[in-house]
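Below is one structure; the comments refer to it alone.
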Amino acid sequence: MSYELWIGSRYAGVSRGARRGGRRDRFVSFIAGTSMAGIALGVAALIVVLSVMNGFQTQVRDRMLSVLPHIEVFVPGADPNQVLEHWEDLAADARQHPSVKGAAPFVSAQAMLVRGQSLSGVQLKGIDPAREAAVSDIAEQMTDADLDVLAPGSYAIVLGSYLADSLGVRPGDTLLVLAPQGSVSPAGFTPRMRQFTVKGIFSSGYYEYDASMAFINEQDAARVFRDNGTSGVRLRIADMQRAPQVAQALRELVPPYARVRDWTENNRTWFAAVQTEKRMMFLILALIVAVAAFNLLSSLVMAVKDKQSDIAILRTLGATPREIGRIFLVQGALIGVIGTFAGVLLGMLIAFNIDVIVPFIERLLGIQFLPQQIYFISELPSNPEVSDIVIVTVTSLILSLLATIYPSWRASRLQPAQVLRHD
């Protein structure tokens with residue numbers, strides 16, 4: 001081992017000599033340890049926060065797509081009854097693309113549900129219960145009935161769990177569905193309405209949909225919303241991440257009067273906001289690592305000041321300015337590397353076990369960090385990604401190495417005669 005590496009590791013507090021040294025060596029080692037701990041905490045915080053944001057985005061996306069299709073092919077302004085008669089032609093055109101794995105007809109419209117004094121606006125989806133399993137997981141999310149209860153002509157309805165609670169209904173209860181269309185008479189505007197029977201409840205785990213979505217049979221929906229309901233084909237593809245590319249290709253395969261819309265278009269604002277928030281959180285939390293790097297710089301400057309006599313003696317023994325500079329480069333590099341990788345290990349330990357740590361803290365403090373009505377999910381998710389960990393690690397190492405340049409240069413510029421004269 002070269003003497004620069006040995007002395008630098010001793011100053012960094014990672015060699016036996018630092019522990020056996022005098023009070024000055026222990027003081028320098030203590031300063032190095034605090035700098036190391038600051039870098040480790042900053043790196044760990046970055047990894048944990050980015051992992052939680054990745055988990056939040058992934059979990060919400062998966063829960064959304066358990067209800068929503070990957071791609072919709074619809075005919076704007078057309079009579080839903082006519083579209084349903086020829087939906088298989090649209091599905092056959094879409095299946096020409098190899099990524100399309102499932103297809104099912106749908107009718108979609110906005111409506112109002114009325115039960116006594118309770119009234120709620122909903123997104124009403126008309127589906128074919130026999131084919132819906134090919135494009136969504138609604139059948140698996142039913143809590144007390146099968147999706148087959150949505151028989152044509154039965155005017156049965158399946159509600160989200162929170163929507164049913166807000167209306168105060170249970171399976172077997174009836175409610176009114178008010179369509180925005182209606183008729184105008186001398187007495188005024190009369191909305192179109194139809195009585196439906198609640199036949200089941202579903203729970204997707206995504207609060208926004210469980211509180212504002214309901215399903216009925218496609219044929220019943222076509223009768224109620226024959227004026228302006230959106231109808232077409234719901235598609236599921238092999239890789240949801242490729243939905244924009246597949247949708248673009250489908251536009252060349254379907255008739256020109258049909259429109260194609262993928263799930264990223266339906267939720268573009270939400271996902272764009274999450275990505276922007278993730279970038280901003282990275283920049284904000286990276287300041288923690290930057291502060292730790294400044295702390296490293298100040299500790300190295302103090303170490304240089306404290307070791308002026310040692311530097312002067314080494315210079316008189318023949319050490320070159322470059323070798324002196326390498327000593328403090330080694331010290332700063334060891335602090336940065338050890339602190340960074342300690343932070344990576346700590347961050348990964350927390351990120352991979354956050355499903356155990358957070359419930360323990362919630363039980364200990366008697367609080368809930370994520371009320372489902374606000375954050376859509378009730379559990380703190382975590383999804384550590386290799387790319388994020390690599391970026392955080394590289395950023396921390398670069399900042400740490402940059403912080404060692406000035407103190408090392410300053411140490412190399414010390415003149416032994418001046419130092420020994422004033423010592």
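Identifiers in the structure tokens: chain A, B, ... in order shown; residue index from 1 per chain; ligand index from 1 in order shown.
Around A:Gln96, within 12 Å and counting only C-alpha atoms, the residues found are A:Asp89, A:Leu90, A:Ala91, A:Ala92, A:Asp93, A:Ser99, A:Val100, A:Lys101, A:Gly102, A:Val246, A:Ala249, A:Leu250, A:Arg251, A:Glu252, A:Leu253, A:Val254, once anything fewer than 3 positions away on its own chain is removed.
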Mind dumping the selected residues with C-alpha atoms as an mmCIF file, in the first residue's frame?
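New file selection.cif:
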```
data_model
loop_
_atom_site.group_PDB
_atom_site.id
_atom_site.type_symbol
_atom_site.label_atom_id
_atom_site.label_comp_id
_atom_site.auth_asym_id
_atom_site.auth_seq_id
_atom_site.Cartn_x
_atom_site.Cartn_y
_atom_site.Cartn_z
ATOM 1 C CA ASP A 89 -65.820 -5.894 -37.514
ATOM 2 C CA LEU A 90 -63.885 -3.247 -35.539
ATOM 3 C CA ALA A 91 -62.426 -5.981 -33.336
ATOM 4 C CA ALA A 92 -61.361 -7.996 -36.394
ATOM 5 C CA ASP A 93 -59.578 -4.952 -37.830
ATOM 6 C CA SER A 99 -50.122 -7.052 -29.865
ATOM 7 C CA VAL A 100 -53.923 -7.133 -29.460
ATOM 8 C CA LYS A 101 -54.833 -9.994 -27.118
ATOM 9 C CA GLY A 102 -58.472 -9.295 -26.242
ATOM 10 C CA VAL A 246 -49.911 0.198 -30.816
ATOM 11 C CA ALA A 249 -50.521 1.505 -35.704
ATOM 12 C CA LEU A 250 -54.222 0.723 -35.178
ATOM 13 C CA ARG A 251 -55.212 4.048 -36.688
ATOM 14 C CA GLU A 252 -53.995 2.673 -40.001
ATOM 15 C CA LEU A 253 -55.982 -0.565 -39.594
ATOM 16 C CA VAL A 254 -59.436 0.615 -38.479
#
```
Task: All residues 10 Å or closer to stretch 261-263 of chain A, only C-alpha atoms, same chain fewer than 3 positions away omitted, as a list in words - done: Arg61, Met64, Leu65, Leu68, Pro69, His70, Ile71, Glu72, Val73, Phe74, Arg234, Leu235, Met240, Gln241, Arg242, Ala243, Pro244, Gln245, Val246, Ala247, Gln248, Leu250, Arg251, Asn266, Asn267 and Arg268 of chain A
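When only C-alpha atoms are used to compute distances to A:Ala221, the closest of the residues A:Gln331, A:Thr276, A:Asn81, A:Ser408 turns out to be A:Asn81.
Minimum distance to A:Gln415 across A:Leu314, A:Met193, A:Leu345, A:Val356 (counting only C-alpha atoms) occurs at A:Leu314.
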- [ ] Please indicate the distance in Å from atom CA of A:Leu401 to atom CA of A:Val344, rounded to one decimal place.
- [x] 17.1 Å
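The space separating atom CA of A:His86 from atom CA of A:Ala133 comes to 20.1 Å.
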Open item on the list: If we count only C-alpha atoms and set the cut-off at 8 Å, which residues sit around A:Ile324, ignoring sequence neighbours fewer than 6 positions away in its own chain? Please answer as a ChimeraX atom specification.
Closed with: /A:4,311,408,411-412
Pull N, CA, C and O atoms from the residues just selected and write them as a PDB file, in the first residue's frame.
```pdb
ATOM      1  N   GLU A   4       0.460   7.350   0.548  1.00  0.00           N
ATOM      2  CA  GLU A   4      -0.662   8.286   0.389  1.00  0.00           C
ATOM      3  C   GLU A   4      -1.987   7.608   0.746  1.00  0.00           C
ATOM      4  O   GLU A   4      -2.832   8.190   1.436  1.00  0.00           O
ATOM      5  N   ILE A 311       1.968  17.839   7.177  1.00  0.00           N
ATOM      6  CA  ILE A 311       2.226  18.082   5.748  1.00  0.00           C
ATOM      7  C   ILE A 311       3.627  18.661   5.564  1.00  0.00           C
ATOM      8  O   ILE A 311       4.378  18.256   4.668  1.00  0.00           O
ATOM      9  N   SER A 408      -7.620  19.464  -1.404  1.00  0.00           N
ATOM     10  CA  SER A 408      -6.400  18.787  -1.845  1.00  0.00           C
ATOM     11  C   SER A 408      -5.444  19.777  -2.500  1.00  0.00           C
ATOM     12  O   SER A 408      -4.220  19.725  -2.266  1.00  0.00           O
ATOM     13  N   ALA A 411      -3.864  21.872   0.219  1.00  0.00           N
ATOM     14  CA  ALA A 411      -2.829  21.138   0.950  1.00  0.00           C
ATOM     15  C   ALA A 411      -1.541  21.061   0.149  1.00  0.00           C
ATOM     16  O   ALA A 411      -0.439  21.170   0.711  1.00  0.00           O
ATOM     17  N   SER A 412      -1.693  20.869  -1.168  1.00  0.00           N
ATOM     18  CA  SER A 412      -0.496  20.742  -2.000  1.00  0.00           C
ATOM     19  C   SER A 412       0.259  22.070  -2.128  1.00  0.00           C
ATOM     20  O   SER A 412       1.443  22.076  -2.486  1.00  0.00           O
TER      21      SER A 412
END
```
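Of the residues under consideration (A:Gly168, A:Pro98, A:Pro129, A:Pro76), A:Gly168 shows the shortest atom-to-atom contact distance to A:Gly116 when counting only C-alpha atoms.
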TODO: Find the residues around A:Val289 up to 10 Å (only C-alpha atoms counted), leave out those fewer than 6 positions away in its own chain, and share them as number ranges by chain.
DONE: A: 38-46, 295, 340, 392, 395-397, 399-400
Task: Non-local contacts of A:Thr230 (12 Å; only C-alpha atoms; under 3 positions in same chain excluded) as a PyMOL selection string - done: chain A and resi 72-84+105-110+123-126+218+221-222+225-227+233-234+258-259
Written selection (C-alpha atoms) as a PDB file, in the first residue's frame:
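Once everything was written out, this is out-v6.pdb:
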```pdb
ATOM      1  CA  GLU A  72     -60.398   2.045 -27.037  1.00  0.00           C
ATOM      2  CA  VAL A  73     -61.625   2.065 -30.640  1.00  0.00           C
ATOM      3  CA  PHE A  74     -64.877   4.054 -30.841  1.00  0.00           C
ATOM      4  CA  VAL A  75     -67.124   5.803 -33.334  1.00  0.00           C
ATOM      5  CA  PRO A  76     -67.908   9.352 -32.147  1.00  0.00           C
ATOM      6  CA  GLY A  77     -71.495  10.534 -32.563  1.00  0.00           C
ATOM      7  CA  ALA A  78     -72.828   7.181 -33.786  1.00  0.00           C
ATOM      8  CA  ASP A  79     -75.913   5.391 -32.484  1.00  0.00           C
ATOM      9  CA  PRO A  80     -74.649   2.856 -29.906  1.00  0.00           C
ATOM     10  CA  ASN A  81     -77.087   0.227 -31.192  1.00  0.00           C
ATOM     11  CA  GLN A  82     -75.592   0.400 -34.670  1.00  0.00           C
ATOM     12  CA  VAL A  83     -72.030   0.275 -33.363  1.00  0.00           C
ATOM     13  CA  LEU A  84     -72.815  -2.767 -31.211  1.00  0.00           C
ATOM     14  CA  PRO A 105     -67.748  -4.075 -26.876  1.00  0.00           C
ATOM     15  CA  PHE A 106     -68.643  -1.134 -24.669  1.00  0.00           C
ATOM     16  CA  VAL A 107     -70.979   1.838 -24.311  1.00  0.00           C
ATOM     17  CA  SER A 108     -69.898   4.747 -22.122  1.00  0.00           C
ATOM     18  CA  ALA A 109     -71.781   7.807 -20.901  1.00  0.00           C
ATOM     19  CA  GLN A 110     -72.128  10.236 -18.022  1.00  0.00           C
ATOM     20  CA  GLN A 123     -69.244   7.305 -15.389  1.00  0.00           C
ATOM     21  CA  LEU A 124     -71.563   4.551 -16.597  1.00  0.00           C
ATOM     22  CA  LYS A 125     -70.022   1.720 -18.618  1.00  0.00           C
ATOM     23  CA  GLY A 126     -72.117  -0.670 -20.677  1.00  0.00           C
ATOM     24  CA  GLU A 218     -74.170  -2.949 -23.058  1.00  0.00           C
ATOM     25  CA  ALA A 221     -76.812   1.188 -21.974  1.00  0.00           C
ATOM     26  CA  ALA A 222     -77.526   1.480 -25.711  1.00  0.00           C
ATOM     27  CA  PHE A 225     -78.020   6.478 -24.007  1.00  0.00           C
ATOM     28  CA  ARG A 226     -79.073   6.086 -27.624  1.00  0.00           C
ATOM     29  CA  ASP A 227     -78.518   9.788 -28.394  1.00  0.00           C
ATOM     30  CA  VAL A 233     -64.434  -1.797 -28.718  1.00  0.00           C
ATOM     31  CA  ARG A 234     -62.188  -2.086 -25.675  1.00  0.00           C
ATOM     32  CA  ALA A 258     -63.323   5.284 -36.056  1.00  0.00           C
ATOM     33  CA  ARG A 259     -61.114   6.878 -33.425  1.00  0.00           C
TER      34      ARG A 259
END
```
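The closest residue to A:Val274, picked from A:Ile357, A:Leu50, A:Leu317, A:Ala37 and counting only C-alpha atoms, is A:Leu50.
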Open item on the list: Which of stretch 53-271 of chain A end up as helix (DSSP H, G or I) when DSSP is run on this backbone - answer as a PyMOL selection string?
Closed with: chain A and resi 53-65+80-85+87-94+132-134+138-141+147-149+161-167+207-210+218-224+240-250+263-266+268-271
File dump, residues just selected, C-alpha atoms, as a short mmCIF file (atom, residue, chain, number, x, y, z; two decimals), in the first residue's frame:
```cif
data_model
loop_
_atom_site.label_atom_id
_atom_site.label_comp_id
_atom_site.auth_asym_id
_atom_site.auth_seq_id
_atom_site.Cartn_x
_atom_site.Cartn_y
_atom_site.Cartn_z
CA MET A 53 -42.90 7.51 -5.98
CA ASN A 54 -42.22 4.69 -8.45
CA GLY A 55 -44.35 2.34 -6.38
CA PHE A 56 -47.16 4.88 -6.14
CA GLN A 57 -47.18 5.41 -9.89
CA THR A 58 -46.99 1.68 -10.67
CA GLN A 59 -49.70 0.69 -8.21
CA VAL A 60 -52.13 3.41 -9.25
CA ARG A 61 -51.49 2.64 -12.94
CA ASP A 62 -52.10 -1.08 -12.44
CA ARG A 63 -55.28 -0.46 -10.47
CA MET A 64 -56.52 1.97 -13.07
CA LEU A 65 -55.85 -0.49 -15.88
CA PRO A 80 -74.65 2.86 -29.91
CA ASN A 81 -77.09 0.23 -31.19
CA GLN A 82 -75.59 0.40 -34.67
CA VAL A 83 -72.03 0.27 -33.36
CA LEU A 84 -72.82 -2.77 -31.21
CA GLU A 85 -74.23 -4.58 -34.25
CA TRP A 87 -68.40 -4.19 -33.15
CA GLU A 88 -66.90 -7.51 -34.23
CA ASP A 89 -65.82 -5.89 -37.51
CA LEU A 90 -63.89 -3.25 -35.54
CA ALA A 91 -62.43 -5.98 -33.34
CA ALA A 92 -61.36 -8.00 -36.39
CA ASP A 93 -59.58 -4.95 -37.83
CA ALA A 94 -57.80 -4.35 -34.51
CA GLU A 132 -65.30 -8.36 -20.38
CA ALA A 133 -62.76 -10.70 -18.79
CA ALA A 134 -60.68 -10.41 -21.98
CA ILE A 138 -63.81 -6.35 -13.16
CA ALA A 139 -65.04 -9.93 -12.82
CA GLU A 140 -62.27 -10.65 -10.30
CA GLN A 141 -63.06 -7.49 -8.33
CA LEU A 147 -70.54 -10.23 -13.44
CA ASP A 148 -73.11 -12.46 -15.15
CA VAL A 149 -75.85 -10.64 -13.20
CA SER A 161 -67.89 0.07 -3.23
CA TYR A 162 -67.52 3.72 -2.20
CA LEU A 163 -70.28 4.80 -4.59
CA ALA A 164 -72.65 2.24 -3.05
CA ASP A 165 -71.78 3.48 0.44
CA SER A 166 -72.36 7.13 -0.52
CA LEU A 167 -75.77 6.28 -1.96
CA TYR A 207 -60.79 5.23 -4.83
CA GLU A 208 -61.62 7.52 -7.74
CA TYR A 209 -63.14 4.66 -9.75
CA ASP A 210 -64.78 2.92 -6.79
CA GLU A 218 -74.17 -2.95 -23.06
CA GLN A 219 -77.63 -3.39 -24.59
CA ASP A 220 -79.33 -1.68 -21.65
CA ALA A 221 -76.81 1.19 -21.97
CA ALA A 222 -77.53 1.48 -25.71
CA ARG A 223 -81.24 1.87 -25.01
CA VAL A 224 -80.79 4.48 -22.28
CA MET A 240 -49.36 -1.83 -21.68
CA GLN A 241 -46.23 0.32 -21.93
CA ARG A 242 -46.43 0.13 -25.73
CA ALA A 243 -50.03 1.37 -25.85
CA PRO A 244 -49.18 4.67 -27.64
CA GLN A 245 -47.22 2.87 -30.38
CA VAL A 246 -49.91 0.20 -30.82
CA ALA A 247 -52.65 2.84 -30.92
CA GLN A 248 -50.78 4.71 -33.64
CA ALA A 249 -50.52 1.50 -35.70
CA LEU A 250 -54.22 0.72 -35.18
CA TRP A 263 -54.85 4.73 -21.72
CA THR A 264 -52.01 7.27 -21.62
CA GLU A 265 -54.23 9.80 -23.44
CA ASN A 266 -57.08 9.27 -20.98
CA ARG A 268 -52.06 12.06 -19.58
CA THR A 269 -52.40 14.92 -17.11
CA TRP A 270 -52.08 12.67 -14.07
CA PHE A 271 -49.01 10.79 -15.29
#
```
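For A:Thr143, the non-local neighbours within 7 Å, defined as residues at least 3 positions apart in the same chain or in other chains and counting only C-alpha atoms, are Ile201, Phe202 and Ser203 of chain A.
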- [ ] Based on DSSP run over this structure's backbone, return all residues of stretch 110-223 of chain A in strand (DSSP E or B), as a PyMOL selection string.
- [x] chain A and resi 110-115+118-127+142+156-160+174-185+188-202+213-217
